[in-house]
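Engineer: Quick one: structure below, then a few questions.
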Amino acid sequence: MSDERISEKVKNVQSSAIRELLKHSKMEGVISLGGGIPNPDLFDREGLQMAMDKVLSVSWKDAFQYGLSEGSPDLREAICQLLKQRLITCHPDDVVITSGSQQSLDMLARVLINPGDVIVVERPTYLAALQVFHLAEAQLASVGTDGEGMKVDELEELVKTTTIKAVYIVPTFGNPGGVTLSDERRKKLVELSKRYNFVIIEDDPYSEINFTDKLFKPLTAWAKEIDNSENVIYTSTFSKILAPGARVGWVVAPEWIKKQIVTLKQATDLHTSSLSQSLAYHYLQTGRLPDQLKIIRASYKDKCQVLCEEIERELGEHLTFHRPQGGMFLWAKFKYQKNTTDWLKKTLANGVVYVPGEFFYADNPDASTLRMSYVSVADENLRKAVARLKASLE
Ligand code: PMP
């Protein structure tokens, strides 16, 4: 029962159902495919140590002092360099450092959304983005996805009849869907945003976790090509490539949004931790990131392959899925009606948990879906997990 003194707005935001469900996943002997967190065994401890030594020996005065609300100029410059490899050209003045992408999303929602504004999300979409948009009192609409990401044709039908404020999308190696928007759809989405004048929030935490040789051009880069940069906002983070505990992310936004974000940032937390920013900056200066990324990609790719092959072999008659080209998640769907929230009780009893898919929908949840994360599970346990899932069907 909630206290009547709590504001209506906050009262109505659902606490993450996943946390509740996964309380049991730490139980002895349970294999968890549930968590959405990077593998801590792959954190570059040596590199972080080198960076921290620099923080304490060279930058300690700045690192322990207040800083600019938009973030450290050195780090913003370094981020622009990093983004060149992702085919994004930007100026440090276009960048605001945030306390992780989650804060970027929260601030963007507060900057853009009046109660009742329509925000379009993918079906399924990132759960904590749903929380943010609910808090901002947006009206949510959803568009389906398939193996090529968001069905942009479906979006086109929607925007013909409905005025929307923004589309929120994780176009590359999405969470939870694991799918990647095709180039054709990327181009079309950006064109639609220009024609119908809506904003695109491109959330990109995973594009560096790429299992292929192909570079997926961000929507932000497409926008530059067709002169629609005023409508496209990019957010990314060090969480999946360096360390989520550092809480450092960033937004690249056109001036009309950027200046509001800086104002909001002052009111929210003044600025992102100077210590964390300094750590991220000095880490980038070590030059170790490219090799570190190779290690993460190779490990996650192998694990993804093990899980996919095992599911195909053992559960192929029950489940369908699109093989991820990168990222941290495998999204699967039963070929017949099956409520995966109910099924979780049985699989837990058999020693394996996943996240039921129904929580990742703004509307019309498909209860026969599930999300599995492979990145922190030993190969041996991935095989065991699939065997236990299979046993739970009997
Ligand atoms: N967006 C997506 C799609 C995510 O999966 C996550 C992390 N789970 C975030 C944003 C938040 O990341 P950060 O740690 O940078 O706040």
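Quick note on naming: the chains in the structure tokens go A, B, ... in the order shown, residues restart at 1 in each chain, and ligands are numbered from 1 in order of appearance.
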Let me have all residues with an atom within 10 Å of ligand 1, counting only C-alpha atoms and all ligand atoms, laid out as an NGL selection string.
Structural biologist: :A and (35-38 or 98-106 or 125-129 or 168-176 or 202-206 or 235-240 or 243-250 or 327-329)
Engineer: Could you pull the residues within 12 Å of Ser368 in chain A, counting only C-alpha atoms, minus those fewer than 2 positions along the same chain, as an NGL selection string?
Structural biologist: :A and (318-320 or 331-344 or 355-359 or 364-366 or 370-371)
Engineer: What residues in range 109-172 of chain A get the DSSP label strand (DSSP E or B)? Please answer as a PyMOL selection string.
Structural biologist: chain A and resi 118-123+139-146+149-150+166-169
Engineer: Could you list, as a list in words, every residue within 10 Å of Ser69 in chain A, counting only C-alpha atoms and ignoring same-chain residues fewer than 3 positions away?
Structural biologist: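 Residues meeting the cut-off are Tyr66, Ser72, Val96, Ile97, Thr98, Ile261, Val262, Thr263, Leu264, Lys265, Gln266, Ala267, Thr268, Asp269, Leu270, His271 and Thr272 of chain A.
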Engineer: What is the distance between CA of Ile296 in chain A and CA of Gly71 in chain A, in Å to one decimal?
Structural biologist: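 Atom-to-atom, CA of Ile296 in chain A to CA of Gly71 in chain A, that is 27.2 Å.
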Engineer: Hey, can you check how far CA of Phe64 in chain A sits from CA of Ser273 in chain A?
Structural biologist: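 That distance, rounded to one decimal, is 8.6 Å.
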Engineer: Extract, using only C-alpha atoms, all DNA, RNA and protein residues at most 8 Å from Pro124 in chain A, discarding same-chain residues fewer than 3 positions from it, and format them as a PyMOL selection string.
Structural biologist: chain A and resi 121+144-145+176-177+357+360-362
Engineer: Take the residues from that selection and put them in a file with C-alpha atoms, as a PDB file, in the first residue's frame.
Structural biologist:
ATOM      1  CA  VAL A 121       8.972   3.015 -28.355  1.00  0.00           C
ATOM      2  CA  GLY A 144       6.621  -3.771 -33.568  1.00  0.00           C
ATOM      3  CA  THR A 145      10.070  -5.141 -34.321  1.00  0.00           C
ATOM      4  CA  PRO A 176      16.047  -6.526 -24.763  1.00  0.00           C
ATOM      5  CA  GLY A 177      15.379  -7.576 -28.376  1.00  0.00           C
ATOM      6  CA  GLY A 357       9.383 -10.779 -21.743  1.00  0.00           C
ATOM      7  CA  PHE A 360       9.433  -4.943 -21.745  1.00  0.00           C
ATOM      8  CA  TYR A 361       6.267  -3.723 -23.423  1.00  0.00           C
ATOM      9  CA  ALA A 362       4.587  -0.332 -23.288  1.00  0.00           C
TER      10      ALA A 362
END
Engineer: Of the residues A:Val199, A:Ile6, A:Leu242, A:Val159, which is the one nearest to Tyr281 in chain A, using only C-alpha atoms?
Structural biologist: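 Using only C-alpha atoms, Tyr281 in chain A sits closest to A:Leu242.
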Engineer: Give me, as a PyMOL selection string, all polymer residues having an atom no more than 7 Å from Ser278 in chain A, counting only C-alpha atoms and skipping those fewer than 4 positions away in the same chain.
Structural biologist: chain A and resi 55+63+274+282
Engineer: Create the file for the chosen residues now, containing N, CA and C atoms and written as a short mmCIF file (atom, residue, chain, number, x, y, z; two decimals), in the first residue's frame.
Structural biologist:
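Written out: out-v5.cif:
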data_model
loop_
_atom_site.label_atom_id
_atom_site.label_comp_id
_atom_site.auth_asym_id
_atom_site.auth_seq_id
_atom_site.Cartn_x
_atom_site.Cartn_y
_atom_site.Cartn_z
N VAL A 55 44.92 9.92 -12.17
CA VAL A 55 43.95 10.80 -11.51
C VAL A 55 44.57 11.34 -10.23
N ALA A 63 39.97 16.48 -10.02
CA ALA A 63 39.15 15.28 -9.81
C ALA A 63 38.35 15.35 -8.51
N SER A 274 33.32 14.42 -10.80
CA SER A 274 34.60 14.82 -11.42
C SER A 274 35.59 13.65 -11.37
N HIS A 282 41.39 9.56 -18.25
CA HIS A 282 42.73 8.98 -18.19
C HIS A 282 42.74 7.55 -18.73
#
Engineer: Here is a test: counting only C-alpha atoms, which residue of A:Ala387, A:Glu154, A:Ile209, A:Val190 is nearest to Gln292 in chain A?
Structural biologist: A:Ile209
Engineer: Smallest atom-to-atom distance to Tyr283 in chain A: which of A:Ala78, A:Met372, A:Leu215, A:Ala141, using only C-alpha atoms?
Structural biologist: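 Under the stated criterion, the closest residue is A:Ala78.
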Engineer: Could you go through range 196-253 of chain A and tell me which residues DSSP, when run on the backbone, assigns to alpha helix (DSSP H), listing them as a list in words?
Structural biologist: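 Secondary structure check on range 196-253 of chain A, alpha helix (DSSP H): Tyr196, Leu219, Thr220, Ala221, Trp222, Ala223, Lys224 and Glu225 of chain A.
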Engineer: Excluding range 306-312 of chain A and its own-chain neighbours fewer than 6 positions away, which residues fall within 8 Å of it when counting only C-alpha atoms? Please give them as a list in words.
Structural biologist: Leu319, Arg323, Tyr374, Asp379, Leu382, Arg383 and Val386 of chain A
